[in-house]
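Quick look at work_30.cif (mmCIF, C-alpha atoms and all ligand atoms):
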```cif
data_final
#
loop_
_atom_site.label_atom_id
_atom_site.label_comp_id
_atom_site.auth_asym_id
_atom_site.auth_seq_id
_atom_site.Cartn_x
_atom_site.Cartn_y
_atom_site.Cartn_z
CA MET A 1 -12.87 3.98 33.95
CA LYS A 2 -10.56 3.76 36.96
CA ASN A 3 -8.50 6.87 37.68
CA THR A 4 -5.03 5.67 38.68
CA VAL A 5 -3.30 9.03 38.60
CA SER A 6 -0.98 9.84 41.51
CA LYS A 7 -2.77 11.32 44.47
CA SER A 8 -0.14 14.06 44.94
CA ASN A 9 -1.19 17.39 43.49
CA MET A 10 1.33 17.40 40.70
CA VAL A 11 0.77 19.79 37.82
CA PHE A 12 1.50 17.96 34.59
CA ASN A 13 4.18 19.50 32.42
CA LYS A 14 3.02 19.88 28.81
CA SER A 15 6.52 20.39 27.47
CA PHE A 16 7.34 16.86 28.68
CA GLY A 17 4.20 15.51 26.95
CA GLN A 18 2.74 14.47 30.28
CA HIS A 19 -0.60 12.89 29.43
CA ILE A 20 -1.14 10.04 31.85
CA LEU A 21 -2.98 7.01 30.53
CA ILE A 22 -5.75 6.36 33.04
CA ASN A 23 -7.90 3.70 31.40
CA GLN A 24 -6.99 0.44 33.12
CA GLN A 25 -8.44 -1.68 30.29
CA ILE A 26 -6.23 -0.02 27.70
CA LEU A 27 -3.17 -0.33 29.94
CA GLN A 28 -3.96 -4.03 30.28
CA MET A 29 -4.42 -4.43 26.50
CA ILE A 30 -1.03 -2.82 25.85
CA VAL A 31 0.61 -5.24 28.27
CA ASP A 32 -1.25 -8.24 26.78
CA LYS A 33 -0.21 -7.28 23.25
CA SER A 34 3.41 -7.07 24.37
CA ALA A 35 3.44 -10.85 25.08
CA ILE A 36 5.93 -10.43 27.94
CA ARG A 37 7.76 -13.58 29.05
CA PRO A 38 8.72 -14.03 32.72
CA THR A 39 12.39 -13.95 31.64
CA ASP A 40 12.10 -10.60 29.80
CA ILE A 41 13.81 -7.34 30.64
CA VAL A 42 11.41 -4.55 29.63
CA LEU A 43 12.38 -0.96 28.86
CA GLU A 44 9.75 1.71 29.57
CA ILE A 45 10.34 5.24 28.21
CA GLY A 46 8.62 7.96 30.25
CA PRO A 47 6.92 5.92 33.01
CA GLY A 48 5.25 9.06 34.45
CA THR A 49 3.41 8.14 37.62
CA GLY A 50 3.91 4.42 36.99
CA ASN A 51 0.49 3.11 35.93
CA LEU A 52 1.89 1.06 33.05
CA THR A 53 5.06 0.27 35.02
CA GLU A 54 3.06 -1.56 37.68
CA LEU A 55 1.48 -3.92 35.13
CA LEU A 56 4.85 -4.50 33.47
CA LEU A 57 6.42 -5.34 36.84
CA GLN A 58 3.76 -8.02 37.37
CA ARG A 59 4.86 -9.87 34.21
CA ALA A 60 8.54 -9.19 33.55
CA LYS A 61 11.80 -10.28 35.14
CA GLN A 62 12.92 -6.65 35.27
CA VAL A 63 11.57 -3.23 34.22
CA ILE A 64 14.02 -0.46 33.37
CA CYS A 65 12.39 2.99 33.30
CA VAL A 66 13.87 6.15 31.79
CA GLU A 67 12.17 9.30 33.10
CA ILE A 68 13.25 12.92 32.58
CA ASP A 69 11.10 14.72 35.16
CA PRO A 70 12.60 14.65 38.69
CA ARG A 71 9.11 15.04 40.21
CA MET A 72 8.00 11.84 38.45
CA VAL A 73 11.18 10.14 39.61
CA ILE A 74 10.19 10.92 43.23
CA GLU A 75 6.65 9.57 42.62
CA LEU A 76 7.99 6.38 41.06
CA THR A 77 10.53 5.86 43.81
CA LYS A 78 7.79 6.21 46.45
CA ARG A 79 5.56 3.82 44.55
CA PHE A 80 8.01 1.00 43.76
CA LYS A 81 11.27 1.31 45.70
CA TYR A 82 9.85 -0.30 48.84
CA SER A 83 7.16 -2.39 47.16
CA GLN A 84 7.15 -6.11 46.40
CA TYR A 85 8.68 -5.16 43.04
CA SER A 86 11.71 -3.32 44.44
CA ASP A 87 14.18 -5.92 43.08
CA LYS A 88 12.75 -5.80 39.58
CA PHE A 89 12.39 -2.03 39.31
CA LYS A 90 15.28 -0.02 37.83
CA LEU A 91 15.09 3.72 37.20
CA ILE A 92 17.31 5.90 35.04
CA GLN A 93 16.72 9.61 35.56
CA GLY A 94 17.41 11.58 32.39
CA ASP A 95 16.59 12.23 28.78
CA PHE A 96 15.90 9.02 26.86
CA LEU A 97 17.49 10.50 23.74
CA THR A 98 20.87 10.89 25.38
CA ALA A 99 20.71 8.08 27.95
CA GLU A 100 23.05 5.10 27.69
CA LEU A 101 20.67 2.14 27.43
CA PRO A 102 21.37 -1.23 29.03
CA PHE A 103 20.28 -4.46 27.32
CA PHE A 104 16.50 -5.09 27.11
CA ASP A 105 14.27 -7.64 25.35
CA LEU A 106 11.15 -5.53 24.90
CA CYS A 107 10.21 -1.87 24.95
CA VAL A 108 6.69 -1.02 26.11
CA ALA A 109 5.71 2.63 26.56
CA ASN A 110 3.25 5.46 26.24
CA VAL A 111 5.91 7.77 24.91
CA PRO A 112 6.31 11.57 25.02
CA TYR A 113 4.95 12.42 21.55
CA GLN A 114 7.32 15.35 20.94
CA ILE A 115 10.32 13.01 20.63
CA SER A 116 8.58 10.24 18.63
CA SER A 117 10.79 10.27 15.55
CA PRO A 118 14.26 10.32 17.18
CA LEU A 119 12.93 7.89 19.81
CA VAL A 120 12.04 5.29 17.15
CA PHE A 121 15.40 5.68 15.41
CA LYS A 122 17.32 5.52 18.68
CA LEU A 123 15.56 2.22 19.44
CA LEU A 124 16.32 0.89 15.96
CA ALA A 125 20.01 1.80 16.33
CA GLN A 126 20.29 0.06 19.70
CA ARG A 127 22.59 -2.99 19.84
CA PRO A 128 22.21 -5.78 20.79
CA LEU A 129 18.82 -5.71 19.07
CA TRP A 130 15.66 -6.17 21.10
CA ARG A 131 12.75 -8.47 20.18
CA CYS A 132 9.79 -6.14 19.90
CA ALA A 133 8.39 -2.74 20.94
CA VAL A 134 4.75 -1.88 21.71
CA LEU A 135 4.45 1.90 21.74
CA MET A 136 1.71 4.53 21.96
CA PHE A 137 2.13 7.48 19.58
CA GLN A 138 0.11 10.38 18.26
CA GLN A 139 -2.21 8.73 15.72
CA GLU A 140 -0.95 10.58 12.66
CA PHE A 141 2.64 9.63 13.49
CA ALA A 142 1.55 6.00 13.94
CA PHE A 143 -0.23 6.08 10.56
CA ARG A 144 2.92 7.49 8.93
CA LEU A 145 4.98 4.66 10.44
CA VAL A 146 2.76 1.99 8.87
CA ALA A 147 1.83 3.86 5.66
CA LYS A 148 2.35 1.92 2.44
CA PRO A 149 3.11 3.25 -1.07
CA GLY A 150 0.09 5.09 -2.47
CA ASN A 151 -1.10 6.25 0.94
CA GLU A 152 -1.07 10.04 1.37
CA LEU A 153 0.86 9.69 4.65
CA TYR A 154 3.59 7.56 3.03
CA CYS A 155 6.84 9.45 3.64
CA ARG A 156 10.58 9.19 4.28
CA LEU A 157 9.84 8.08 7.86
CA SER A 158 7.67 5.17 6.60
CA ALA A 159 10.29 3.97 4.11
CA ASN A 160 13.17 4.26 6.61
CA VAL A 161 11.37 2.56 9.49
CA GLN A 162 9.98 -0.20 7.26
CA MET A 163 13.47 -0.84 5.89
CA LEU A 164 14.71 -1.57 9.41
CA SER A 165 11.64 -3.21 10.93
CA ARG A 166 8.16 -4.63 10.52
CA VAL A 167 5.53 -2.22 11.85
CA ASP A 168 1.87 -3.00 12.63
CA HIS A 169 -0.92 -0.79 13.85
CA LEU A 170 -2.52 -2.44 16.91
CA MET A 171 -5.28 -0.14 18.17
CA LYS A 172 -6.63 3.40 18.29
CA VAL A 173 -6.89 5.16 21.66
CA GLY A 174 -9.18 8.18 22.16
CA LYS A 175 -8.15 11.40 23.91
CA ASN A 176 -10.39 10.87 26.93
CA ASN A 177 -8.34 7.92 28.12
CA PHE A 178 -5.65 10.34 29.27
CA LYS A 179 -5.35 12.94 32.01
CA PRO A 180 -5.10 15.70 30.95
CA PRO A 181 -6.53 14.72 27.52
CA PRO A 182 -4.12 15.55 24.68
CA LYS A 183 -5.31 17.58 21.66
CA VAL A 184 -4.69 14.64 19.33
CA GLU A 185 -5.88 11.04 18.98
CA SER A 186 -3.44 8.22 19.74
CA SER A 187 -2.58 4.76 18.43
CA VAL A 188 -0.56 1.80 19.63
CA VAL A 189 1.87 0.14 17.20
CA ARG A 190 4.13 -2.90 17.33
CA ILE A 191 7.66 -2.63 15.91
CA GLU A 192 9.75 -5.75 15.28
CA PRO A 193 13.28 -4.95 14.14
CA LYS A 194 14.66 -6.92 11.20
CA ASN A 195 17.55 -9.04 12.37
CA PRO A 196 19.92 -8.86 10.62
CA ILE A 197 19.11 -5.54 8.96
CA PRO A 198 19.47 -5.39 5.15
CA ASN A 199 23.09 -4.92 4.18
CA ILE A 200 23.00 -1.51 2.50
CA ASN A 201 24.60 1.90 2.98
CA TYR A 202 21.97 3.71 5.08
CA ILE A 203 23.50 7.13 4.55
CA GLU A 204 23.13 6.74 0.79
CA TRP A 205 19.70 5.18 1.23
CA ASP A 206 18.42 8.08 3.33
CA GLY A 207 20.07 10.58 0.97
CA LEU A 208 18.05 9.15 -1.92
CA LEU A 209 14.85 9.13 0.17
CA ARG A 210 15.34 12.79 1.17
CA ILE A 211 15.53 13.85 -2.47
CA CYS A 212 12.59 11.68 -3.53
CA PHE A 213 10.22 12.45 -0.64
CA ASN A 214 10.93 16.16 -0.77
CA ARG A 215 8.63 16.17 -3.81
CA LYS A 216 7.01 12.77 -3.43
CA ASN A 217 4.16 13.34 -5.89
CA LYS A 218 6.44 14.36 -8.76
CA GLN A 219 7.81 12.03 -11.39
CA LEU A 220 11.43 10.99 -10.85
CA SER A 221 12.33 12.65 -14.16
CA ALA A 222 11.18 16.00 -12.74
CA ILE A 223 12.81 15.44 -9.35
CA PHE A 224 16.19 14.69 -10.90
CA LYS A 225 16.11 17.67 -13.20
CA ASN A 226 16.09 20.05 -10.21
CA LYS A 227 19.21 22.23 -10.39
CA SER A 228 20.28 21.91 -6.75
CA VAL A 229 19.76 18.12 -6.79
CA LEU A 230 21.87 17.83 -9.95
CA LYS A 231 24.54 20.10 -8.48
CA THR A 232 24.85 18.00 -5.31
CA LEU A 233 24.92 14.70 -7.17
CA GLU A 234 27.46 15.95 -9.68
CA HIS A 235 29.64 17.21 -6.81
CA ASN A 236 29.42 13.79 -5.09
CA PHE A 237 30.21 12.09 -8.39
CA HIS A 238 33.49 13.98 -8.78
CA VAL A 239 34.51 13.64 -5.13
CA ILE A 240 33.91 9.89 -5.18
CA GLU A 241 35.65 9.56 -8.53
CA GLN A 242 38.75 10.99 -6.84
CA GLU A 243 38.50 9.58 -3.32
CA GLY A 244 36.62 6.31 -3.85
CA ILE A 245 33.82 5.11 -1.59
CA LYS A 246 34.31 3.95 1.99
CA VAL A 247 32.75 0.58 2.73
CA ASN A 248 30.94 0.66 6.06
CA ASP A 249 29.40 -1.86 8.42
CA PRO A 250 25.56 -1.51 8.09
CA ALA A 251 25.01 -1.39 11.90
CA ASN A 252 27.50 1.45 12.16
CA ASN A 253 25.87 3.04 9.18
CA VAL A 254 22.44 2.96 10.87
CA LYS A 255 24.00 4.77 13.84
CA GLN A 256 25.21 7.53 11.51
CA LEU A 257 21.77 7.74 9.93
CA ILE A 258 20.19 8.07 13.38
CA SER A 259 22.63 10.80 14.46
CA SER A 260 21.81 12.81 11.36
CA ILE A 261 18.05 12.39 12.01
CA MET A 262 18.54 13.44 15.66
CA GLU A 263 20.57 16.49 14.64
CA GLU A 264 17.81 17.43 12.23
CA GLU A 265 15.23 17.23 15.04
CA ASP A 266 17.47 19.34 17.29
CA VAL A 267 17.94 22.01 14.67
CA LYS A 268 14.28 22.18 13.79
CA GLY A 269 12.96 22.78 17.30
CA LYS A 270 9.22 22.95 17.73
CA GLY A 271 8.55 26.47 16.36
CA LYS A 272 10.78 25.97 13.35
CA LYS A 273 9.15 22.62 12.66
CA ASP A 274 5.65 24.07 12.56
CA LYS A 275 6.84 26.79 10.18
CA LYS A 276 8.58 24.22 7.99
CA ASP A 277 5.51 21.94 7.92
CA LYS A 278 3.39 24.90 6.80
CA LYS A 279 5.91 25.80 4.11
CA ASP A 280 6.21 22.14 2.99
CA LYS A 281 2.43 21.97 2.71
CA GLN A 282 2.34 25.14 0.62
CA ASN A 283 5.20 23.88 -1.56
CA GLN A 284 3.51 20.52 -1.93
CA GLN A 285 0.29 22.23 -3.00
CA LYS A 286 2.22 24.40 -5.46
CA GLY A 287 4.06 21.31 -6.65
CA GLU A 288 0.86 19.41 -7.15
CA GLU A 289 -0.65 22.31 -9.05
CA SER A 290 2.31 22.65 -11.38
CA GLU A 291 3.08 18.96 -11.51
CA SER A 292 1.57 18.13 -14.86
CA ASP A 293 3.43 20.98 -16.58
CA ASP A 294 6.74 19.95 -15.06
CA ASP A 295 6.30 16.31 -15.99
CA GLU A 296 5.22 17.16 -19.51
CA ASP A 297 8.32 19.28 -19.82
CA ASN A 298 10.41 16.20 -19.17
CA ASN A 299 8.58 13.74 -21.33
CA GLN A 300 8.02 15.80 -24.42
CA GLN A 301 11.22 17.75 -24.68
CA PRO A 302 12.36 18.20 -28.26
CA GLU A 303 15.28 15.95 -29.17
CA LYS A 304 17.53 18.94 -30.02
CA GLN A 305 17.08 20.56 -26.61
CA GLN A 306 17.84 17.25 -24.86
CA THR A 307 21.17 16.84 -26.60
CA THR A 308 22.33 20.31 -25.55
CA GLN A 309 21.54 19.51 -21.94
CA ASN A 310 23.96 18.97 -19.10
CA PRO A 311 25.58 15.54 -19.79
CA PHE A 312 25.21 14.65 -16.11
CA ARG A 313 21.48 15.18 -16.36
CA LEU A 314 21.37 13.03 -19.49
CA LYS A 315 23.25 10.30 -17.64
CA ILE A 316 20.62 10.32 -14.88
CA ASN A 317 17.79 10.32 -17.40
CA GLU A 318 19.37 7.31 -19.06
CA ILE A 319 19.48 5.44 -15.73
CA LEU A 320 15.84 6.28 -15.03
CA LYS A 321 14.76 5.20 -18.51
CA SER A 322 16.72 1.97 -18.56
CA ASN A 323 15.13 1.02 -15.22
CA ASP A 324 11.60 1.98 -16.38
CA MET A 325 11.51 4.65 -13.69
CA PHE A 326 11.37 7.88 -15.70
CA GLN A 327 7.72 8.49 -14.91
CA MET A 328 7.58 6.85 -11.50
CA ARG A 329 6.49 8.89 -8.49
CA PRO A 330 8.12 8.29 -5.05
CA VAL A 331 4.72 8.23 -3.36
CA LYS A 332 3.94 5.02 -5.24
CA MET A 333 7.36 3.34 -4.91
CA ASP A 334 8.08 0.60 -2.38
CA ASN A 335 11.44 -0.06 -0.72
CA ASP A 336 12.44 -2.58 -3.42
CA GLY A 337 11.89 0.17 -6.00
CA PHE A 338 14.06 2.65 -4.08
CA LEU A 339 16.74 -0.01 -3.65
CA GLN A 340 16.70 -0.77 -7.37
CA LEU A 341 17.09 2.94 -8.10
CA LEU A 342 19.91 3.30 -5.54
CA CYS A 343 21.81 0.31 -6.99
CA ALA A 344 21.36 1.56 -10.55
CA MET A 345 22.60 5.05 -9.62
CA ASN A 346 25.53 3.71 -7.56
CA ALA A 347 26.55 1.41 -10.42
CA GLN A 348 27.01 4.55 -12.55
CA GLY A 349 29.01 6.35 -9.84
CA ILE A 350 26.09 8.47 -8.60
CA HIS A 351 25.99 8.67 -4.82
CA PHE A 352 23.68 10.27 -2.23
CA LYS A 353 25.90 10.69 0.82
C1 LIG A 401 2.75 10.55 27.75
S1 LIG A 401 3.52 10.58 29.34
C2 LIG A 401 3.35 8.88 29.75
C3 LIG A 401 3.28 8.62 31.22
C4 LIG A 401 3.00 7.17 31.60
N1 LIG A 401 3.88 6.26 30.94
C5 LIG A 401 1.58 6.80 31.29
O1 LIG A 401 1.38 5.95 30.42
O2 LIG A 401 0.67 7.32 31.86
C6 LIG A 401 5.21 10.78 28.87
C7 LIG A 401 6.24 10.66 30.00
O3 LIG A 401 7.55 10.78 29.43
C8 LIG A 401 8.36 11.66 30.22
N2 LIG A 401 9.35 12.25 29.28
C9 LIG A 401 9.19 13.32 28.47
N3 LIG A 401 10.30 13.52 27.74
C10 LIG A 401 11.17 12.55 28.09
C11 LIG A 401 12.49 12.23 27.69
N4 LIG A 401 13.13 12.95 26.73
N5 LIG A 401 13.11 11.18 28.25
C12 LIG A 401 12.47 10.44 29.22
N6 LIG A 401 11.22 10.70 29.64
C13 LIG A 401 10.56 11.73 29.08
C14 LIG A 401 7.37 12.65 30.79
O4 LIG A 401 7.88 13.28 31.94
C15 LIG A 401 6.16 11.73 31.06
O5 LIG A 401 6.29 11.14 32.31
#
```

Represent the structure from my file as structure tokens, please.
Amino acid sequence: MKNTVSKSNMVFNKSFGQHILINQQILQMIVDKSAIRPTDIVLEIGPGTGNLTELLLQRAKQVICVEIDPRMVIELTKRFKYSQYSDKFKLIQGDFLTAELPFFDLCVANVPYQISSPLVFKLLAQRPLWRCAVLMFQQEFAFRLVAKPGNELYCRLSANVQMLSRVDHLMKVGKNNFKPPPKVESSVVRIEPKNPIPNINYIEWDGLLRICFNRKNKQLSAIFKNKSVLKTLEHNFHVIEQEGIKVNDPANNVKQLISSIMEEEDVKGKGKKDKKDKKDKQNQQKGEESESDDDEDNNQQPEKQQTTQNPFRLKINEILKSNDMFQMRPVKMDNDGFLQLLCAMNAQGIHFK
């Protein structure tokens, strides 16, 4: 394994996710899998010391790098500014999440793992659309991106990303290929955005997914009997009854979806996120334990009790039943299933904004 790390004695900054990929063979495989054409403009997020950048410069018409760490910016400038690649090499110093991006055809990067989720959505919201992205992520995140219904990692992220793109897992990369080695395993994935994207309201779509994946192993009948879910939906129902629904351009809509996902990430922060994950796990375990009782409650309720129920809840139950979805569980539903549910709910004035 050839060590291509910068010779300067730079201490890598963990909060910037600085784990430099040092295995030349893997770097080469990433570039090969990107199928770069000589006419392509390539975007690289977090070039670090420039090991991947150099290989990209050999193949592409132009490489645009976005790097947050000023020390890395100095390293990169030294390495490429006066090299044979000086004309092709463009560098934006700053945070990728807030940077204004120029046009690019491909995105190829070993990304900072701590911004993986907003990074993917920022790319998917970018217009004009790019052709393909080949990206290294923490392995569990990569598995969540490609997870299909029935898989335990299948989640809101999987459904959202797969609605907007085709995602494939390309290869696993072990910790020892990095310096310093990260605590987690890594994987490379390919993302090809759908073009055009499906013409739906992404705010509503994500609203439905949030509710469903919050308790993904429950039956829909149990999920939609939750008091706070019913309260929100009933509120939306009355507001929309009065104000009507605004029709929105789907590309604009995706941008709104991305801003709300980014805000969520901001609010969470790392510490809060860990706490929330722990709590989610506990809730999920509790949910799984009590699941059969809750579901039974829905399916075998005496007729008399059902008729005295909240009419709004009965309306939702009717929609679920008439679409054969009463006993379905989000973890097993594909995007067509969620779309069918969204259309059926919307047709009855029930909205998830
Ligand atoms: C995992 S390292 C990858 C370095 C290099 N591409 C490689 O493959 O060896 C992540 C890089 O992203 C940079 N980075 C971290 N957060 C960033 C952000 N928000 N925007 C741009 N770059 C960022 C880090 O400084 C670091 O150089």

Neighbour list for segment 154-166 of chain A as a PyMOL selection string, cut-off 8 Å, all atoms listed in the file, skip fewer than 6 positions in-chain: chain A and resi 121+124+144-148+191-194+197-198+206+209-210+213+216+331+334-335

Selection within 9 Å of ligand LIG 401 (chain A) by all atoms listed in the file, output as a PyMOL selection string: chain A and resi 5+12-22+27+44-53+65-73+92-99+109-115+119+136-137+178-179

Length of the atom CA of Ile350 of chain A to atom CA of Met325 of chain A vector [Å]: 15.9 Å

Nearest to Ser186 of chain A by atom-to-atom distance, counting all atoms listed in the file, from A:Glu318, A:Glu75, A:Glu140, A:Glu54: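 Distance minimum relative to Ser186 of chain A lands on A:Glu140.
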
Nearest to Met171 of chain A by atom-to-atom distance, counting only C-alpha atoms, from A:Lys255, A:Asn236, A:Val188, A:Ile36: A:Val188

For Gly207 of chain A: contacts at 12 Å, all atoms listed in the file, fewer than 6 positions along chain excluded, given as a ChimeraX atom specification: /A:156,160,201,213-214,229,232-233,236,257,260-261,338,342,350-353

Computed interatomic separation between atom CA of Ser187 of chain A and atom CA of Ala251 of chain A (Å): 29.0 Å

For atom CA of Gln242 of chain A and atom CA of Ala347 of chain A, the interatomic separation in Å (one decimal): 15.9 Å

Neighbour list for Val184 of chain A as a PyMOL selection string, cut-off 9 Å, only C-alpha atoms, skip fewer than 3 positions in-chain: chain A and resi 138-140+174-175+181

Residue neighbourhood Gln327 of chain A, 7 Å, all atoms listed in the file, exclusion window fewer than 6 positions, as a PyMOL selection string: chain A and resi 219-221

Can segment 245-263 of chain A be brought up to N, CA and C atoms and written out as a PDB file, in the frame of the given file?
```
ATOM      1  N   ILE A 245      34.904   5.160  -2.570  1.00  0.00           N
ATOM      2  CA  ILE A 245      33.820   5.110  -1.590  1.00  0.00           C
ATOM      3  C   ILE A 245      34.230   4.243  -0.413  1.00  0.00           C
ATOM      4  N   LYS A 246      33.933   4.720   0.807  1.00  0.00           N
ATOM      5  CA  LYS A 246      34.310   3.950   1.990  1.00  0.00           C
ATOM      6  C   LYS A 246      33.249   2.890   2.250  1.00  0.00           C
ATOM      7  N   VAL A 247      33.715   1.639   2.426  1.00  0.00           N
ATOM      8  CA  VAL A 247      32.750   0.580   2.730  1.00  0.00           C
ATOM      9  C   VAL A 247      32.528   0.591   4.239  1.00  0.00           C
ATOM     10  N   ASN A 248      31.268   0.507   4.650  1.00  0.00           N
ATOM     11  CA  ASN A 248      30.940   0.660   6.060  1.00  0.00           C
ATOM     12  C   ASN A 248      30.089  -0.502   6.561  1.00  0.00           C
ATOM     13  N   ASP A 249      30.223  -0.830   7.819  1.00  0.00           N
ATOM     14  CA  ASP A 249      29.400  -1.860   8.420  1.00  0.00           C
ATOM     15  C   ASP A 249      27.954  -1.313   8.550  1.00  0.00           C
ATOM     16  N   PRO A 250      26.921  -2.070   8.095  1.00  0.00           N
ATOM     17  CA  PRO A 250      25.560  -1.510   8.090  1.00  0.00           C
ATOM     18  C   PRO A 250      25.081  -1.073   9.477  1.00  0.00           C
ATOM     19  N   ALA A 251      25.480  -1.784  10.562  1.00  0.00           N
ATOM     20  CA  ALA A 251      25.010  -1.390  11.900  1.00  0.00           C
ATOM     21  C   ALA A 251      25.575  -0.017  12.268  1.00  0.00           C
ATOM     22  N   ASN A 252      26.835   0.181  11.905  1.00  0.00           N
ATOM     23  CA  ASN A 252      27.500   1.450  12.160  1.00  0.00           C
ATOM     24  C   ASN A 252      26.856   2.575  11.348  1.00  0.00           C
ATOM     25  N   ASN A 253      26.545   2.186  10.143  1.00  0.00           N
ATOM     26  CA  ASN A 253      25.870   3.040   9.180  1.00  0.00           C
ATOM     27  C   ASN A 253      24.522   3.523   9.693  1.00  0.00           C
ATOM     28  N   VAL A 254      23.750   2.600  10.318  1.00  0.00           N
ATOM     29  CA  VAL A 254      22.440   2.960  10.870  1.00  0.00           C
ATOM     30  C   VAL A 254      22.651   3.985  11.965  1.00  0.00           C
ATOM     31  N   LYS A 255      23.712   3.805  12.760  1.00  0.00           N
ATOM     32  CA  LYS A 255      24.000   4.770  13.840  1.00  0.00           C
ATOM     33  C   LYS A 255      24.217   6.157  13.262  1.00  0.00           C
ATOM     34  N   GLN A 256      24.965   6.220  12.148  1.00  0.00           N
ATOM     35  CA  GLN A 256      25.210   7.530  11.510  1.00  0.00           C
ATOM     36  C   GLN A 256      23.904   8.136  11.010  1.00  0.00           C
ATOM     37  N   LEU A 257      23.072   7.261  10.431  1.00  0.00           N
ATOM     38  CA  LEU A 257      21.770   7.740   9.930  1.00  0.00           C
ATOM     39  C   LEU A 257      20.961   8.332  11.073  1.00  0.00           C
ATOM     40  N   ILE A 258      20.962   7.626  12.215  1.00  0.00           N
ATOM     41  CA  ILE A 258      20.190   8.070  13.380  1.00  0.00           C
ATOM     42  C   ILE A 258      20.744   9.394  13.899  1.00  0.00           C
ATOM     43  N   SER A 259      22.092   9.517  13.962  1.00  0.00           N
ATOM     44  CA  SER A 259      22.630  10.800  14.460  1.00  0.00           C
ATOM     45  C   SER A 259      22.197  11.931  13.561  1.00  0.00           C
ATOM     46  N   SER A 260      22.170  11.687  12.234  1.00  0.00           N
ATOM     47  CA  SER A 260      21.810  12.810  11.360  1.00  0.00           C
ATOM     48  C   SER A 260      20.322  13.137  11.532  1.00  0.00           C
ATOM     49  N   ILE A 261      19.486  12.122  11.789  1.00  0.00           N
ATOM     50  CA  ILE A 261      18.050  12.390  12.010  1.00  0.00           C
ATOM     51  C   ILE A 261      17.860  13.147  13.324  1.00  0.00           C
ATOM     52  N   MET A 262      18.641  12.764  14.353  1.00  0.00           N
ATOM     53  CA  MET A 262      18.540  13.440  15.660  1.00  0.00           C
ATOM     54  C   MET A 262      18.986  14.894  15.552  1.00  0.00           C
ATOM     55  N   GLU A 263      20.086  15.108  14.805  1.00  0.00           N
ATOM     56  CA  GLU A 263      20.570  16.490  14.640  1.00  0.00           C
ATOM     57  C   GLU A 263      19.505  17.326  13.964  1.00  0.00           C
TER      58      GLU A 263
END
```
